[in-house]
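The data block below is coords.txt; it holds compact mmCIF, C-alpha atoms.
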```
# COMPACT_ATOMS: atom_id res chain seq x y z
CA MET A 6 94.29 113.36 70.35
CA GLU A 7 90.84 112.40 71.58
CA THR A 8 90.76 108.69 72.42
CA PRO A 9 87.23 107.97 73.60
CA ASP A 10 87.41 104.15 73.74
CA GLN A 11 85.57 103.16 76.90
CA ASP A 12 87.31 99.83 77.35
CA LEU A 13 90.88 101.14 77.46
CA THR A 14 92.36 103.61 79.90
CA ASP A 15 93.93 106.89 78.82
CA PHE A 16 97.28 105.41 79.80
CA THR A 17 96.87 102.39 77.53
CA LYS A 18 95.79 104.59 74.65
CA CYS A 19 98.70 106.96 75.29
CA LEU A 20 101.11 104.03 75.07
CA ALA A 21 99.54 102.87 71.80
CA ILE A 22 100.11 106.32 70.29
CA MET A 23 103.64 106.42 71.72
CA LEU A 24 104.51 103.17 69.95
CA GLU A 25 103.14 104.49 66.65
CA GLU A 26 105.17 107.70 67.03
CA ILE A 27 108.34 105.75 67.80
CA LYS A 28 107.78 103.72 64.65
CA ALA A 29 106.89 106.74 62.49
CA LYS A 30 110.01 108.59 63.62
CA LYS A 31 112.16 105.46 63.33
CA LEU A 32 113.57 105.96 66.82
CA GLN A 33 115.74 103.51 68.73
CA ILE A 34 114.09 103.42 72.16
CA ASP A 35 115.02 101.27 75.15
CA SER A 36 112.14 101.96 77.54
CA ILE A 37 109.04 104.01 78.20
CA VAL A 38 108.93 105.84 81.51
CA THR A 39 105.69 106.96 83.10
CA LEU A 40 105.29 109.59 85.83
CA GLY A 41 102.23 109.01 88.00
CA GLY A 42 99.84 106.08 88.16
CA LEU A 43 100.60 104.62 91.59
CA GLY A 44 98.64 106.88 93.91
CA GLY A 45 95.38 108.78 94.28
CA ARG A 46 92.14 107.08 93.29
CA PHE A 47 92.63 103.42 94.14
CA ASP A 48 90.93 102.06 91.03
CA GLN A 49 93.33 104.13 88.93
CA THR A 50 96.29 102.44 90.63
CA MET A 51 94.73 99.10 89.65
CA ALA A 52 94.09 100.44 86.13
CA THR A 53 97.80 101.30 85.85
CA VAL A 54 98.70 97.70 86.63
CA GLU A 55 96.18 96.54 84.01
CA THR A 56 97.82 98.83 81.44
CA LEU A 57 101.18 97.19 82.19
CA PHE A 58 99.60 93.84 81.27
CA HIS A 59 98.29 95.26 78.00
CA ALA A 60 101.63 96.89 77.30
CA GLN A 61 103.31 93.49 77.23
CA LYS A 62 101.09 92.49 74.32
CA MET A 63 101.73 95.79 72.54
CA THR A 64 105.52 95.98 72.75
CA ASP A 65 108.71 94.32 73.97
CA LEU A 66 109.90 97.65 75.37
CA PRO A 67 109.96 97.83 79.18
CA VAL A 68 107.33 100.21 80.55
CA VAL A 69 108.14 101.55 84.02
CA VAL A 70 105.87 103.61 86.25
CA ILE A 71 107.26 106.05 88.83
CA GLN A 72 105.40 108.00 91.51
CA ASP A 73 106.65 109.46 94.78
CA SER A 74 109.50 107.14 95.72
CA SER A 75 108.13 103.99 94.09
CA LEU A 76 108.81 102.36 90.72
CA ALA A 77 106.72 99.51 89.31
CA PHE A 78 107.54 97.26 86.35
CA LEU A 79 105.82 94.08 85.12
CA LEU A 80 108.17 91.12 84.50
CA LYS A 81 107.21 88.92 81.56
CA GLU A 82 106.68 85.24 82.14
CA GLY A 83 109.07 82.67 80.72
CA ARG A 84 112.07 84.98 80.63
CA HIS A 85 115.21 85.09 82.72
CA HIS A 86 115.28 88.65 84.05
CA GLN A 87 118.39 90.40 85.33
CA LEU A 88 117.76 93.71 87.06
CA ASN A 89 120.82 95.85 87.63
CA VAL A 90 120.29 97.73 90.88
CA ASN A 91 123.59 99.46 91.23
CA THR A 92 122.88 103.00 89.99
CA GLY A 93 123.04 104.52 93.46
CA MET A 94 119.42 105.71 93.04
CA GLU A 95 117.91 102.59 94.57
CA GLY A 96 116.07 102.89 97.86
CA LYS A 97 116.04 100.17 100.49
CA TRP A 98 112.95 98.16 99.66
CA CYS A 99 111.84 96.01 96.78
CA SER A 100 108.91 93.70 96.17
CA LEU A 101 107.50 90.93 93.95
CA VAL A 102 103.71 90.74 93.74
CA PRO A 103 101.79 88.08 91.75
CA VAL A 104 99.05 90.37 90.50
CA GLY A 105 96.58 88.46 88.38
CA SER A 106 97.60 84.87 89.07
CA PRO A 107 100.02 82.74 91.12
CA CYS A 108 103.65 82.82 89.96
CA LEU A 109 106.20 80.03 90.28
CA THR A 110 109.25 82.13 91.07
CA THR A 111 113.00 81.81 91.53
CA THR A 112 115.23 84.73 92.44
CA SER A 113 118.77 85.64 93.41
CA GLY A 114 120.28 88.83 94.75
CA LEU A 115 117.50 89.55 97.25
CA LYS A 116 117.74 89.34 101.02
CA TRP A 117 114.80 86.92 101.00
CA ASN A 118 115.08 84.92 97.80
CA LEU A 119 112.53 82.54 96.32
CA ASP A 120 113.58 79.06 95.31
CA ASN A 121 111.01 77.70 92.87
CA GLN A 122 108.24 78.86 95.19
CA VAL A 123 104.71 79.96 94.39
CA LEU A 124 103.90 83.60 95.03
CA ALA A 125 100.14 84.02 95.34
CA PHE A 126 97.74 86.34 97.14
CA GLY A 127 96.60 84.72 100.35
CA GLN A 128 99.68 82.45 100.42
CA LEU A 129 102.91 84.36 99.92
CA VAL A 130 103.55 87.84 98.55
CA SER A 131 106.98 89.44 98.73
CA THR A 132 106.81 92.98 100.13
CA SER A 133 109.36 94.87 102.24
CA ASN A 134 112.09 92.74 100.67
CA THR A 135 115.54 94.20 100.11
CA TYR A 136 118.85 93.51 98.41
CA GLU A 137 121.39 90.90 99.46
CA ASP A 138 124.12 92.27 101.70
CA HIS A 139 127.37 92.88 99.91
CA ASP A 140 130.92 93.92 100.68
CA PRO A 141 131.01 97.74 100.45
CA LYS A 142 134.13 97.40 98.26
CA ASP A 143 132.11 95.51 95.64
CA CYS A 144 129.15 96.43 93.47
CA ARG A 145 125.71 95.25 94.45
CA LYS A 146 124.92 92.05 92.56
CA PRO A 147 122.07 92.13 90.05
CA VAL A 148 118.70 90.71 91.02
CA THR A 149 117.66 87.76 88.84
CA ILE A 150 114.06 86.58 88.55
CA THR A 151 112.26 83.87 86.61
CA THR A 152 108.49 83.49 86.71
CA ASP A 153 105.84 81.45 84.88
CA ASN A 154 103.27 84.27 84.90
CA PRO A 155 103.57 88.06 84.73
CA LEU A 156 105.03 89.24 88.04
CA LEU A 157 104.97 92.82 89.32
CA TRP A 158 108.38 94.08 90.49
CA SER A 159 108.43 97.28 92.51
CA MET A 160 111.23 99.12 94.27
CA GLY A 161 111.96 102.18 96.29
CA ILE A 162 113.80 105.14 94.86
CA LYS A 163 116.27 107.05 97.01
CA ARG A 164 114.79 110.36 98.12
CA LEU A 165 116.73 113.23 96.59
CA GLN A 166 117.35 116.45 98.48
CA SER A 167 115.85 119.45 96.66
CA SER A 168 119.37 120.61 95.86
CA GLN A 169 120.06 117.34 94.13
CA THR A 170 118.05 117.74 90.92
CA PHE A 171 120.25 117.28 87.89
CA LEU A 172 120.22 120.09 85.34
CA MET B 8 73.39 86.49 101.14
CA ASP B 9 76.03 88.79 102.56
CA GLU B 10 74.48 92.26 102.90
CA PHE B 11 76.85 95.09 103.72
CA THR B 12 76.84 98.87 103.65
CA PRO B 13 80.50 99.84 103.16
CA LEU B 14 80.06 103.52 104.06
CA ASP B 15 77.70 103.09 107.01
CA CYS B 16 80.77 103.53 109.23
CA LEU B 17 81.14 107.15 108.09
CA LEU B 18 77.56 108.10 109.01
CA PRO B 19 77.13 109.42 112.56
CA SER B 20 73.71 107.77 112.47
CA GLY B 21 75.14 104.53 111.05
CA LYS B 22 74.24 101.28 112.78
CA GLN B 23 77.48 99.33 112.36
CA ARG B 24 79.51 98.61 115.47
CA ILE B 25 83.10 99.01 114.41
CA CYS B 26 86.71 98.70 115.47
CA LEU B 27 89.38 101.01 114.07
CA VAL B 28 92.91 100.29 112.81
CA ILE B 29 95.24 103.19 111.99
CA LEU B 30 98.08 102.45 109.56
CA ASN B 31 101.22 104.40 108.74
CA GLN B 32 99.76 106.90 106.30
CA PRO B 33 98.60 110.52 106.66
CA LEU B 34 95.31 110.57 108.55
CA ASP B 35 92.30 112.13 106.91
CA GLU B 36 90.82 114.34 109.60
CA ARG B 37 87.40 114.34 107.98
CA TYR B 38 86.95 110.58 108.47
CA PHE B 39 89.10 110.20 111.56
CA HIS B 40 86.76 111.86 114.04
CA VAL B 41 83.58 110.03 113.11
CA LEU B 42 85.38 106.67 113.02
CA TRP B 43 87.26 107.23 116.29
CA SER B 44 84.09 108.23 118.12
CA LYS B 45 82.22 105.13 116.92
CA ALA B 46 84.99 102.56 117.35
CA GLN B 47 84.82 100.22 120.32
CA ILE B 48 88.50 99.31 120.02
CA ARG B 49 91.09 101.61 118.46
CA ALA B 50 94.58 100.46 117.48
CA CYS B 51 97.63 101.75 115.65
CA ALA B 52 99.99 99.60 113.60
CA ASP B 53 103.54 100.88 114.25
CA GLY B 54 103.96 104.23 112.47
CA GLY B 55 100.21 104.79 112.48
CA ALA B 56 100.82 106.08 116.02
CA ASN B 57 102.95 108.91 114.60
CA HIS B 58 100.05 110.16 112.54
CA LEU B 59 97.62 109.90 115.45
CA TYR B 60 100.06 111.80 117.67
CA ARG B 61 100.45 114.57 115.11
CA LEU B 62 96.76 114.91 114.30
CA THR B 63 95.61 115.08 117.92
CA GLU B 64 98.14 117.67 119.09
CA GLY B 65 96.75 119.68 121.99
CA ARG B 66 94.29 116.99 123.08
CA ARG B 67 96.21 113.76 122.85
CA GLU B 68 94.85 112.42 126.14
CA SER B 69 91.41 112.27 124.55
CA PHE B 70 92.66 110.07 121.72
CA LEU B 71 94.60 107.23 123.30
CA PRO B 72 94.65 103.97 121.33
CA ASP B 73 93.88 100.72 123.12
CA TYR B 74 97.08 99.23 121.74
CA ILE B 75 99.93 99.84 119.33
CA ASN B 76 101.60 96.86 117.68
CA GLY B 77 104.44 96.32 115.25
CA ASP B 78 108.16 95.73 115.03
CA PHE B 79 108.45 99.39 116.07
CA ASP B 80 110.82 100.38 113.31
CA SER B 81 108.52 103.22 112.19
CA ILE B 82 107.13 104.66 115.42
CA LEU B 83 109.10 107.68 116.63
CA PRO B 84 110.77 107.34 120.05
CA GLU B 85 108.90 110.37 121.47
CA VAL B 86 105.58 108.99 120.23
CA LYS B 87 106.26 105.56 121.68
CA ALA B 88 107.31 107.09 125.00
CA PHE B 89 104.20 109.27 125.14
CA TYR B 90 101.71 106.45 124.61
CA ALA B 91 103.66 104.09 126.88
CA GLY B 92 103.47 106.77 129.55
CA LYS B 93 99.70 106.86 129.16
CA ASN B 94 99.46 103.11 129.66
CA CYS B 95 98.52 102.23 126.09
CA LYS B 96 99.44 98.62 125.44
CA LEU B 97 102.56 98.38 123.31
CA MET B 98 102.79 94.96 121.70
CA GLU B 99 105.95 94.12 119.84
CA THR B 100 105.11 91.72 116.99
CA PRO B 101 108.37 90.94 115.19
CA ASP B 102 107.13 88.16 112.89
CA GLN B 103 108.87 88.70 109.56
CA ASP B 104 106.34 86.87 107.45
CA LEU B 105 103.30 88.91 108.41
CA THR B 106 102.74 92.63 108.00
CA ASP B 107 102.08 94.95 110.95
CA PHE B 108 98.54 95.31 109.60
CA THR B 109 97.89 91.56 109.63
CA LYS B 110 99.25 91.28 113.16
CA CYS B 111 97.18 94.25 114.29
CA LEU B 112 94.06 92.53 112.98
CA ALA B 113 94.95 89.31 114.77
CA ILE B 114 95.24 91.18 118.08
CA MET B 115 92.01 93.06 117.33
CA LEU B 116 90.12 89.79 116.91
CA GLU B 117 91.51 88.48 120.21
CA GLU B 118 90.48 91.69 121.97
CA ILE B 119 86.98 91.52 120.49
CA LYS B 120 86.67 87.95 121.79
CA ALA B 121 88.17 88.73 125.20
CA LYS B 122 85.85 91.68 125.71
CA LYS B 123 82.88 89.73 124.28
CA LEU B 124 82.00 92.58 121.94
CA GLN B 125 79.41 92.45 119.16
CA ILE B 126 81.22 93.94 116.19
CA ASP B 127 79.98 94.33 112.60
CA SER B 128 83.12 95.44 110.81
CA ILE B 129 86.74 96.50 111.16
CA VAL B 130 87.61 99.82 109.54
CA THR B 131 91.19 100.70 108.59
CA LEU B 132 92.54 104.18 107.90
CA GLY B 133 95.51 104.23 105.53
CA GLY B 134 96.99 101.43 103.45
CA LEU B 135 96.15 102.51 99.93
CA GLY B 136 98.85 105.08 99.25
CA GLY B 137 102.52 105.85 99.75
CA ARG B 138 105.06 103.08 99.23
CA PHE B 139 103.68 100.91 96.44
CA ASP B 140 104.69 97.59 98.01
CA GLN B 141 102.75 98.60 101.12
CA THR B 142 99.59 99.11 99.03
CA MET B 143 100.12 95.57 97.74
CA ALA B 144 100.77 94.34 101.29
CA THR B 145 97.42 95.83 102.35
CA GLU B 146 95.69 93.74 99.70
CA GLU B 147 97.53 90.66 100.93
CA THR B 148 96.35 91.38 104.47
CA LEU B 149 92.75 91.48 103.20
CA PHE B 150 93.25 87.96 101.84
CA HIS B 151 94.61 86.78 105.19
CA ALA B 152 91.78 88.52 107.01
CA GLN B 153 89.24 86.35 105.24
CA LYS B 154 90.83 83.28 106.80
CA MET B 155 90.97 84.92 110.22
CA THR B 156 87.41 86.22 110.50
CA ASP B 157 84.01 86.54 108.83
CA LEU B 158 83.90 90.22 109.76
CA PRO B 159 84.22 92.62 106.83
CA VAL B 160 87.52 94.51 106.86
CA VAL B 161 87.42 97.79 104.93
CA VAL B 162 90.36 100.06 104.11
CA ILE B 163 89.91 103.80 103.61
CA GLN B 164 92.48 106.35 102.44
CA ASP B 165 91.97 109.73 100.78
CA SER B 166 88.68 109.28 98.95
CA SER B 167 88.96 105.55 98.25
CA LEU B 168 87.58 102.52 100.07
CA ALA B 169 88.67 98.94 99.35
CA PHE B 170 87.01 95.72 100.49
CA LEU B 171 87.69 92.10 99.44
CA LEU B 172 84.60 90.12 98.43
CA LYS B 173 84.65 86.45 99.43
CA GLU B 174 84.20 83.82 96.78
CA GLY B 175 81.09 81.68 96.63
CA ARG B 176 78.83 84.20 98.36
CA HIS B 177 76.05 86.35 97.00
CA HIS B 178 77.06 89.87 98.00
CA GLN B 179 74.69 92.80 98.31
CA LEU B 180 76.36 96.17 98.81
CA ASN B 181 74.08 98.99 99.90
CA VAL B 182 75.40 102.17 98.32
CA ASN B 183 72.73 104.60 99.36
CA THR B 184 74.25 106.37 102.38
CA GLY B 185 74.81 109.62 100.49
CA MET B 186 78.56 109.31 101.19
CA GLU B 187 79.28 107.42 97.97
CA GLY B 188 81.42 109.11 95.33
CA LYS B 189 80.93 108.54 91.61
CA TRP B 190 83.28 105.68 90.80
CA CYS B 191 83.50 102.04 91.74
CA SER B 192 85.63 99.12 90.62
CA LEU B 193 86.05 95.33 90.66
CA VAL B 194 89.61 94.01 90.38
CA PRO B 195 90.62 90.31 90.26
CA VAL B 196 93.78 90.80 92.26
CA GLY B 197 95.01 87.27 92.89
CA SER B 198 93.40 85.18 90.16
CA PRO B 199 90.72 85.36 87.45
CA CYS B 200 87.17 85.75 88.77
CA LEU B 201 83.99 84.51 87.10
CA THR B 202 81.71 87.40 87.98
CA THR B 203 78.08 88.45 87.78
CA THR B 204 76.81 91.81 88.96
CA SER B 205 73.73 94.04 89.03
CA GLY B 206 73.29 97.67 89.97
CA LEU B 207 76.37 98.91 88.11
CA LYS B 208 76.41 101.03 84.99
CA TRP B 209 78.57 98.38 83.31
CA ASN B 210 77.48 95.05 84.75
CA LEU B 211 79.13 91.68 84.30
CA ASP B 212 77.09 88.71 83.18
CA ASN B 213 78.98 85.54 84.11
CA GLN B 214 82.15 87.02 82.67
CA VAL B 215 85.77 86.46 83.61
CA LEU B 216 87.59 89.39 85.17
CA ALA B 217 91.35 88.88 84.81
CA PHE B 218 94.43 91.07 84.50
CA GLY B 219 95.38 91.38 80.86
CA GLN B 220 91.81 90.54 79.78
CA LEU B 221 89.19 92.59 81.58
CA VAL B 222 89.40 94.60 84.78
CA SER B 223 86.56 96.86 85.89
CA THR B 224 87.80 100.33 86.81
CA SER B 225 86.06 103.70 86.46
CA ASN B 226 82.73 101.90 86.74
CA THR B 227 79.77 103.62 88.36
CA TYR B 228 76.26 102.98 89.64
CA GLU B 229 73.19 102.30 87.51
CA ASP B 230 71.15 105.39 86.76
CA HIS B 231 68.04 105.69 88.88
CA ASP B 232 65.02 107.92 89.24
CA PRO B 233 65.98 110.72 91.67
CA LYS B 234 62.74 110.03 93.53
CA ASP B 235 63.89 106.49 94.34
CA CYS B 236 66.77 105.10 96.33
CA ARG B 237 69.81 103.85 94.51
CA LYS B 238 69.52 100.07 94.06
CA PRO B 239 72.06 97.90 95.85
CA VAL B 240 74.97 96.47 93.91
CA THR B 241 74.98 92.67 93.85
CA ILE B 242 78.08 90.62 93.06
CA THR B 243 78.90 86.93 92.87
CA THR B 244 82.42 85.68 92.22
CA ASP B 245 84.24 82.34 92.25
CA ASN B 246 87.47 83.80 93.65
CA PRO B 247 88.19 86.68 96.04
CA LEU B 248 87.43 89.92 94.20
CA LEU B 249 88.56 93.38 95.26
CA TRP B 250 85.74 95.95 95.38
CA SER B 251 86.72 99.60 95.62
CA MET B 252 84.71 102.78 95.56
CA GLY B 253 85.03 106.52 95.78
CA LEU B 254 83.94 108.51 98.80
CA LYS B 255 82.29 111.88 98.46
CA ARG B 256 84.73 114.57 99.44
CA LEU B 257 83.56 116.30 102.61
CA GLN B 258 84.02 120.03 102.99
CA SER B 259 86.24 120.85 105.97
CA SER B 260 83.20 122.24 107.75
CA GLN B 261 81.50 118.91 107.50
CA THR B 262 83.44 116.96 110.10
CA PHE B 263 81.18 115.40 112.71
CA LEU B 264 82.24 115.88 116.31
```
Can you present the structure in this file as structure tokens?
Amino acid sequence: METPDQDLTDFTKCLAIMLEEIKAKKLQIDSIVTLGGLGGRFDQTMATVETLFHAQKMTDLPVVVIQDSSLAFLLKEGRHHQLNVNTGMEGKWCSLVPVGSPCLTTTSGLKWNLDNQVLAFGQLVSTSNTYEDHDPKDCRKPVTITTDNPLLWSMGIKRLQSSQTFL
Amino acid sequence: MDEFTPLDCLLPSGKQRICLVILNQPLDERYFHVLWSKAQIRACADGGANHLYRLTEGRRESFLPDYINGDFDSILPEVKAFYAGKNCKLMETPDQDLTDFTKCLAIMLEEIKAKKLQIDSIVTLGGLGGRFDQTMATEETLFHAQKMTDLPVVVIQDSSLAFLLKEGRHHQLNVNTGMEGKWCSLVPVGSPCLTTTSGLKWNLDNQVLAFGQLVSTSNTYEDHDPKDCRKPVTITTDNPLLWSMGLKRLQSSQTFL
């Protein structure tokens, strides 16, 4: 499907078609997963983040982007987010980055939480964060986040051994 | 007016006097040699030393960094021991709130001052790939760098270069070195930017760049008569604005030694 619109990226246009297909086929879908988008040409990494902003206006479905051992996901403003991070696939690091504008942020479940603090480039950006310690007998608590502007969550994915692909 | 030639540092004949920072990402051999030979101070941030060690196997004594800083959670013990044994300065910088890159820059600026060097820019290898939060942390360091120094700080990895344009200045970027790739981009990373440009294929005329509204990626340079030089790109912005551009891919035979 040729989508020559100069103002929108191929990714954005792909998502638009995906949403139409979901509707046409009357599917119950919980999220859209994207492979690629976080490496290579640097402007394309930025374009991926821009697509995540557009996606929020196009759908309520979460759109996640995965490349190498990183996942990125844009948190909507004005919502109370609860991220369950207990699948066993989570890597060590996580991060909250106020791409686009400062974000008044409160979190729980992180090693370095934010308590109604402003995340903003040049002031405070949360990278190399991690999860709160927990008793090995218990599950890891969810991470909760509220923000007043779209806030980019990213996290590491545990590296699988080649023998560990699931078939 | 702030005039700057981002890719001058990659030209053997380039005039810029530079310092070099190596971050914890695979080192591109094509750029490494020309930058190392020109740099007046060379430093590694933590695991950047691992990549230097690996790349310079067989002639490591000829490529000793002036210092290596970091919390040393990435540098391999054998690498640390090797450079310590060669009297490279190892500076442990455990501050949790600042990245190894930011701390490396801070030390670099002190060294430049202590040695009374005339420096035109600080060039960084790595920082734009790998762990996604580290790419974001690189951008944050560029914001901090603007408060630390007036020197341009550029970041190069694979075939991309990134450089943060200060607000309130009239920027002129000379893009005529012959090393420029096809694409360029302007991204309002931290806040919306009221922007005006010239010299681009798709210019901005007092328009707001903002995530969710308009972000300039896959832009390119204005067409020009092959007989003439490419015109400079000019940019004004009311908030820090991230410029990035593609580098022409060198053939392996084209490294400059």
Point to revise | Residue list for chain A near chain B as a PyMOL selection string, 6 Å, all atoms listed in the file | key: chain A and resi 44+47-48+55+58-59+75+104-106+126-127+132
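For Gly41 (chain A), the non-local neighbours within 8 Å, defined as residues at least 3 positions apart in the same chain or in other chains and counting only C-alpha atoms, are Gly44, Val70, Ile71 and Gln72 of chain A.
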Output C-alpha atoms for every residue in that selection, as a tab-separated table (two decimals), in the frame of the given file.
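Final output, part.tsv:
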```
chain	number	residue	atom	x	y	z
A	44	GLY	CA	98.64	106.88	93.91
A	70	VAL	CA	105.87	103.61	86.25
A	71	ILE	CA	107.26	106.05	88.83
A	72	GLN	CA	105.40	108.00	91.51
```
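Compared by their closest atoms to Ile48 (chain B), and using all atoms listed in the file, the residues B:Glu174, B:Asp73, B:Asp15, B:Glu229 rank with B:Asp73 nearest.
Taking CA of Thr17 (chain A) and CA of Gln214 (chain B) as the two end points, the separation is 21.9 Å.
For the residues A:Thr14, A:Thr112, A:Asn121, A:Thr152, ranking by smallest atom-to-atom distance to Glu82 (chain A) using only C-alpha atoms places A:Thr152 first.
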Study note, to complete from the structure: Expressed in Å, the length from CA of Leu109 (chain A) to CA of Val69 (chain A) is 22.5 Å
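Within the 10 Å cut-off around Asp107 (chain B), using only C-alpha atoms and omitting residues fewer than 3 positions from it on the same chain, the listed residues are Leu30, Asn31, Cys51, Ala52, Asp53, Gly54, Ile75, Asn76, Gly77, Asp78, Phe79, Glu99, Thr100, Pro101, Asp102, Gln103, Asp104, Lys110, Cys111, Leu112, Ala113, Ala144, Thr145 and Thr148 of chain B.
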Practice item. Counting all atoms listed in the file, figure out which residue out of A:Cys144, A:Leu40, A:Leu124, A:Leu32 gets nearest to Val90 (chain A). Key: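 Of A:Cys144, A:Leu40, A:Leu124, A:Leu32, the one nearest Val90 (chain A) is A:Cys144, counting all atoms listed in the file.
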For the contact check between region 78-161 of chain B and region 38-43 of chain B, emit one row per residue of region 78-161 of chain B within 12 Å, containing the shortest atom pair and the distance in Å rounded to one decimal, counting all atoms listed in the file, chain then rising number order, as a Markdown table.
```
| residue | atom | partner | partner_atom | distance |
| --- | --- | --- | --- | --- |
| B:Ser128 | CA | B:Leu42 | CA | 11.7 |
| B:Ile129 | CA | B:Leu42 | CA | 10.4 |
| B:Val130 | CA | B:Leu42 | CA | 8.0 |
| B:Thr131 | CA | B:Leu42 | CA | 9.4 |
| B:Leu132 | CA | B:Phe39 | CA | 7.8 |
| B:Gly133 | CA | B:Phe39 | CA | 10.6 |
```
Check your understanding: Which residues, written as a ChimeraX atom specification, have at least one atom at most 10 Å from Leu18 (chain B), with all atoms listed in the file counted and residues fewer than 4 positions away on the same chain left out?
Key -> /B:14,22-23,38,41-42,45,184-186,263
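Picture a line from CA of Ile150 (chain A) to CA of Met94 (chain A); it runs 20.4 Å.
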**Study point:** Within 10 Å of file point (121.8, 94.7, 93.9), counting all atoms listed in the file, expressed as a count of residues only
**Key:** 22
